[in-house]
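*Asks:* Structure in structure tokens, see below.
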Amino acid sequence: MAIHNAEIARIFSLLADLLEIEGANPFRVRAYRNAARTIESLPHNVEAMVREGADLSELPGIGEDLAGKIKEIVETGRLGLLEEVKSRIPGALAELVAIPGLGPKRVKVLYDALGIQDIEGLARAAKAGKLRNLPGFGAKIEEKILEELSRRATAEKRMKLITAEQFAEPLLNYLREANGVTRAIIAGSYRRRKETIGDIDILVTCRDSDPVMERFVTYDEVEHVLSKGKTRSTIVLRSGLQVDLRVVAEESYGSALQYFTGSKAHNIAVRHLAVKLGLKLNEYGVFRGETYIAGRTEEEVYRTVGLPYIEPELREDWGEVEAAQQGRLPHLVTLADIRGDLHAHTKATDGQATIEEMAAAAKAKGYDYLAITDHTKRVTVANGMDAKRLAQQLEAIDRLNERLSGMKILKSAEVDILEDGSLDLPNDILKELDLTVCSIHYKLNLSREKQTERVIRAMDNPYFTIFGHPSGRMIEERAPYAIDMERVMQAALERGCFLEVNAQPSRLDLNDVHCKMAKDMGLKVAISTDAHRTTDLDFMRFGVDQARRGWLEPSDVLNTKKWSELKSLITRA
DNA sequence: GCCGTTTTCGGCCCGACTGTTTTCAGTCG
């Protein structure tokens, strides 16, 4: 039986929740949470590591005990300790601590006093008014729980970054107009450019917080106000998005921004360094004893604890603190490094613009090249092209290239990878192309083994260049198909193929963990928009964000090269 | 449960807000 990292992480995370409800040592609980996080973001398959006899206690936050437990999970598919805890308290209690206002203590009370073991039981008791008299509860908490339960029935989960931008940016501008505001910036996972956002954290500096707090809670999209104080307030917008506003003084801007950008795990790691230096780091600054010694800028904060500046996208406690200490932080790729786009559609298939229009838009971005990659015949819903239509398009591109100056249209196609690993156009037309993007659009539910073999077989074709949207996932909509990404990457490396970071905000595929995996393996990627209209070329920035989260530098990205260099890179031996 | 160039034991990040209290616990980020 195959055990994936996510499964091991889930077991530790559940165990942490249940132990916390039982009142276990909070640091022991944290150890399980840290282990879950470490394993979830590990670029290697833990099961394989166990089989190869790797020493798991070398991993950060994993000691003798947890290494043994991981081994137990891999070998037996279960964890004795979790079964044991579950025999004392129901596993479903873990879902209750996810409800705002309910933490481990109150969940314990619910179970002990009323025998509540899951969301359904909680809903029945709350509706019957049984919560308000419990110790540590009251009428307000009961009401809050009822609200949350009804909200859950309809609410969205996490919000895609691009959607969050549409709500957050206007609110930010609105706050900038408040009296006395000197700076306003969005921190949190939004600033770290995570693919989805749970809530928005806004940081403001000003001398008197009252006017901006007042303006905040009276924003016309406010559904309700969760809290309002002098330094922090929280609202929920009608869209369901929760927004926190923090106000600090100018001299605390850097430390507050560092603090509220997170991630929590990164902050703990940085504070750990501060403690070792005999300093205290909080949102107001870095302190020696009672004395403020730094905090005006983030650079100053990092410098004070002995580190160079760390880019927000790296702040996930994935090794960035150690890398910073050792002076080997990556110099992350930026939008300005991008010289072209290697995946775009036109009216010939399911795009909305002509080749000329797409070319003009790419040129306006200052690109050196744009690959036209219309669908091929298997993708009938998109009016995929057969060899004859593709040949006509190639002639049109030749004619257009004669007229274009300063940029080149690359001849390409998004070729469909069939179930048996063959490509859906013959090689005698594929050989006419500058490159191919090869993707899976059908038969997404093959076994992991078959899906992996399918792709590797396709890569055996000498005209396979870039594997498009490699996991097939749609954020918050469709899970990735089962595929062994490490094997696919290894196969690509051996054959001179590459993987795509698809920049569509609903794909972002490869994800951050897989970008890092590619980098660690020495495999280059293409950041491509998969544009279906001229304005989609703007999605490049989301792809770059994702690549930065995966530690990618310009040299890791194909389309930071000029065409002559790129051409020799992608030419297979 | 992890970890150590002060430590193999005794630490483990830190502060704000709310509600239920009557000086603070619980929750949250």
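As shown in the structure tokens, the chain order sets the letters A, B, ...; within each chain, residues go from 1, and ligands are also counted from 1 in the order they appear.
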Residues of chain B near chain A: apply a cut-off of 10 Å, count only C-alpha atoms (C1' of nucleotides), and supply the list as a short mmCIF file (atom, residue, chain, number, x, y, z; two decimals) with N, CA and C atoms (P, O5', C5', C4', C3', O3' and C1' of nucleotides), in the first residue's frame.
*Replies:*
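The new file iface.cif reads:
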```
data_model
loop_
_atom_site.label_atom_id
_atom_site.label_comp_id
_atom_site.auth_asym_id
_atom_site.auth_seq_id
_atom_site.Cartn_x
_atom_site.Cartn_y
_atom_site.Cartn_z
P DG B 1 5.76 11.68 22.83
"O5'" DG B 1 6.48 12.92 22.10
"C5'" DG B 1 6.06 13.22 20.80
"C4'" DG B 1 7.07 14.14 20.17
"C3'" DG B 1 8.51 13.66 20.25
"O3'" DG B 1 9.15 14.01 19.02
"C1'" DG B 1 8.29 15.71 21.41
P DC B 2 10.70 13.77 18.79
"O5'" DC B 2 11.25 15.26 18.82
"C5'" DC B 2 10.67 16.23 17.96
"C4'" DC B 2 11.48 17.52 18.02
"C3'" DC B 2 12.98 17.30 17.89
"O3'" DC B 2 13.51 18.28 17.03
"C1'" DC B 2 12.50 18.38 19.96
P DC B 3 14.99 18.11 16.48
"O5'" DC B 3 15.83 19.11 17.39
"C5'" DC B 3 15.36 20.43 17.63
"C4'" DC B 3 16.24 21.06 18.69
"C3'" DC B 3 17.69 20.59 18.63
"O3'" DC B 3 18.53 21.71 18.40
"C1'" DC B 3 16.81 20.42 20.85
P DC B 12 11.07 29.49 27.48
"O5'" DC B 12 10.81 28.73 26.10
"C5'" DC B 12 11.80 28.80 25.07
"C4'" DC B 12 11.40 27.86 23.97
"C3'" DC B 12 10.00 28.18 23.42
"O3'" DC B 12 10.05 28.25 22.01
"C1'" DC B 12 10.16 25.89 24.00
P DC B 13 8.93 29.09 21.24
"O5'" DC B 13 9.28 30.59 21.60
"C5'" DC B 13 10.13 31.35 20.76
"C4'" DC B 13 9.59 32.74 20.62
"C3'" DC B 13 9.12 33.33 21.95
"O3'" DC B 13 9.52 34.69 21.96
"C1'" DC B 13 7.33 33.35 20.41
P DC B 14 9.40 35.54 23.26
"O5'" DC B 14 8.06 36.36 23.02
"C5'" DC B 14 7.95 37.21 21.89
"C4'" DC B 14 6.55 37.70 21.79
"C3'" DC B 14 5.94 38.19 23.12
"O3'" DC B 14 5.75 39.59 23.01
"C1'" DC B 14 4.40 36.92 21.83
P DG B 15 5.28 40.40 24.26
"O5'" DG B 15 3.87 40.95 23.77
"C5'" DG B 15 3.83 41.70 22.57
"C4'" DG B 15 2.41 41.74 22.06
"C3'" DG B 15 1.40 42.35 23.03
"O3'" DG B 15 0.66 43.31 22.30
"C1'" DG B 15 0.64 40.23 22.28
P DA B 16 -0.43 44.20 23.00
"O5'" DA B 16 -1.73 43.69 22.25
"C5'" DA B 16 -1.79 43.80 20.82
"C4'" DA B 16 -3.19 43.47 20.36
"C3'" DA B 16 -4.29 44.17 21.17
"O3'" DA B 16 -5.31 44.57 20.26
"C1'" DA B 16 -4.50 41.81 21.42
P DC B 17 -6.48 45.48 20.72
"O5'" DC B 17 -7.65 44.40 20.86
"C5'" DC B 17 -8.05 43.66 19.71
"C4'" DC B 17 -9.08 42.63 20.11
"C3'" DC B 17 -10.21 43.20 20.98
"O3'" DC B 17 -11.44 42.90 20.35
"C1'" DC B 17 -9.29 41.23 21.95
P DT B 18 -12.81 43.39 20.91
"O5'" DT B 18 -13.33 42.04 21.56
"C5'" DT B 18 -13.35 40.87 20.76
"C4'" DT B 18 -13.94 39.73 21.56
"C3'" DT B 18 -15.16 40.14 22.39
"O3'" DT B 18 -16.23 39.28 22.08
"C1'" DT B 18 -13.51 39.06 23.76
P DG B 19 -17.68 39.56 22.67
"O5'" DG B 19 -17.68 38.54 23.88
"C5'" DG B 19 -17.31 37.19 23.62
"C4'" DG B 19 -17.22 36.43 24.94
"C3'" DG B 19 -18.42 36.67 25.86
"O3'" DG B 19 -18.79 35.41 26.40
"C1'" DG B 19 -16.40 37.24 26.99
P DT B 20 -20.09 35.28 27.21
"O5'" DT B 20 -19.49 34.93 28.64
"C5'" DT B 20 -18.56 33.85 28.71
"C4'" DT B 20 -17.79 33.95 30.00
"C3'" DT B 20 -18.69 34.13 31.24
"O3'" DT B 20 -18.28 33.21 32.24
"C1'" DT B 20 -16.98 35.74 31.21
P DT B 21 -19.08 33.12 33.52
"O5'" DT B 21 -17.97 33.53 34.56
"C5'" DT B 21 -17.87 34.89 35.02
"C4'" DT B 21 -16.44 35.18 35.35
"C3'" DT B 21 -16.27 35.97 36.64
"O3'" DT B 21 -16.14 35.07 37.73
"C1'" DT B 21 -15.02 36.98 34.87
P DA B 25 -5.93 32.80 34.33
"O5'" DA B 25 -6.79 31.75 33.51
"C5'" DA B 25 -8.14 31.49 33.91
"C4'" DA B 25 -8.97 31.17 32.69
"C3'" DA B 25 -8.28 30.21 31.72
"O3'" DA B 25 -9.25 29.28 31.27
"C1'" DA B 25 -8.78 32.25 30.60
P DG B 26 -8.84 28.11 30.29
"O5'" DG B 26 -9.27 28.66 28.86
"C5'" DG B 26 -10.62 29.09 28.67
"C4'" DG B 26 -10.74 29.66 27.29
"C3'" DG B 26 -10.02 28.84 26.21
"O3'" DG B 26 -10.99 28.48 25.24
"C1'" DG B 26 -9.48 31.17 26.02
P DT B 27 -10.62 27.64 23.95
"O5'" DT B 27 -10.33 28.78 22.88
"C5'" DT B 27 -11.30 29.78 22.65
"C4'" DT B 27 -10.74 30.82 21.73
"C3'" DT B 27 -10.03 30.26 20.49
"O3'" DT B 27 -10.76 30.65 19.34
"C1'" DT B 27 -8.81 32.04 21.47
P DC B 28 -10.35 30.16 17.89
"O5'" DC B 28 -9.41 31.33 17.39
"C5'" DC B 28 -9.89 32.67 17.36
"C4'" DC B 28 -8.76 33.58 16.98
"C3'" DC B 28 -7.92 33.04 15.83
"O3'" DC B 28 -8.16 33.83 14.69
"C1'" DC B 28 -6.57 33.94 17.60
P DG B 29 -7.63 33.39 13.22
"O5'" DG B 29 -6.32 34.27 13.07
"C5'" DG B 29 -6.36 35.67 13.30
"C4'" DG B 29 -4.96 36.18 13.45
"C3'" DG B 29 -4.00 35.65 12.38
"O3'" DG B 29 -3.25 36.73 11.85
"C1'" DG B 29 -3.10 35.28 14.50
#
```
*Asks:* Pick out the residues sitting within 6 Å of Ile409 (chain A), and hand them over as a PDB file with C-alpha atoms, in the first residue's frame; count only C-alpha atoms (C1' of nucleotides), and ignore anything fewer than 6 positions along from it in its own chain.
*Replies:*
```pdb
ATOM      1  CA  TYR A 369       9.008  35.861 -28.451  1.00  0.00           C
ATOM      2  CA  LEU A 370       5.569  34.332 -28.100  1.00  0.00           C
ATOM      3  CA  ALA A 371       4.772  30.689 -28.810  1.00  0.00           C
TER       4      ALA A 371
END
```
*Asks:* Just list as a ChimeraX atom specification whatever in region 202-279 of chain A DSSP marks as strand (DSSP E or B).
*Replies:* /A:202-205,222-228,232-237,242-248
*Asks:* Considering only helix (DSSP H, G or I) as DSSP defines it on the backbone, what residues of region 476-556 of chain A qualify? List them as a ChimeraX atom specification.
*Replies:* /A:485-495,512-521,534-549,554-556
*Asks:* What lies within 12 Å of Val225 (chain A) using only C-alpha atoms (C1' of nucleotides), ignoring chain neighbours under 2 positions off, as a list in words?
*Replies:* Met213, Glu214, Phe216, Val217, Thr218, Tyr219, Asp220, Glu221, Val222, Glu223, Ser227, Lys228, Gly229, Arg232, Ser233, Thr234, Ile235, Val236, Leu237, Arg238, Leu241, Gln242, Val243, Asp244 and Leu245 of chain A
*Asks:* Give me the residues within 12 Å of Ile355 (chain A) as an MDAnalysis selection string, counting only C-alpha atoms (C1' of nucleotides) and dropping any in the same chain fewer than 6 places off.
*Replies:* chainID A and resid 344:349 361:362 370:374 393:401 404 408:411 531:534
*Asks:* Create the file for the chosen residues now, containing C-alpha atoms and written as a compact mmCIF listing (two decimals), in the first residue's frame.
*Replies:*
```
# COMPACT_ATOMS: atom_id res chain seq x y z
CA ALA A 344 -0.84 30.89 -25.88
CA HIS A 345 -4.01 30.11 -27.84
CA THR A 346 -5.76 31.91 -30.70
CA LYS A 347 -9.12 31.95 -32.43
CA ALA A 348 -7.99 28.93 -34.41
CA THR A 349 -8.99 26.84 -31.39
CA ALA A 361 0.06 42.30 -27.16
CA ALA A 362 3.24 40.30 -26.52
CA LEU A 370 5.57 34.33 -28.10
CA ALA A 371 4.77 30.69 -28.81
CA ILE A 372 1.40 30.04 -30.43
CA THR A 373 0.25 26.74 -28.95
CA ASP A 374 -3.24 25.97 -30.18
CA GLN A 393 -1.17 28.07 -39.29
CA LEU A 394 2.60 27.57 -39.56
CA GLU A 395 2.58 29.25 -42.98
CA ALA A 396 0.62 32.17 -41.54
CA ILE A 397 3.17 32.49 -38.75
CA ASP A 398 6.03 32.49 -41.28
CA ARG A 399 4.37 35.35 -43.15
CA LEU A 400 3.72 37.27 -39.93
CA ASN A 401 7.31 36.82 -38.75
CA LEU A 404 7.40 41.61 -37.32
CA LYS A 408 9.36 36.44 -33.09
CA ILE A 409 6.32 34.19 -33.08
CA LEU A 410 7.38 30.65 -32.24
CA LYS A 411 5.72 27.81 -34.08
CA ALA A 531 -3.36 32.85 -22.57
CA HIS A 532 -6.74 32.58 -24.32
CA ARG A 533 -7.03 36.35 -24.91
CA THR A 534 -4.56 39.21 -25.10
```
*Asks:* Calculate how many Å separate CA of Glu250 (chain A) from CA of Tyr309 (chain A), rounding to one decimal.
*Replies:*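 Separation of CA of Glu250 (chain A) and CA of Tyr309 (chain A): 19.5 Å.
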*Asks:* What gap, in Å, lies between CA of Met49 (chain A) and CA of Thr76 (chain A)?
*Replies:*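 For CA of Met49 (chain A) relative to CA of Thr76 (chain A), the distance reads 15.5 Å.
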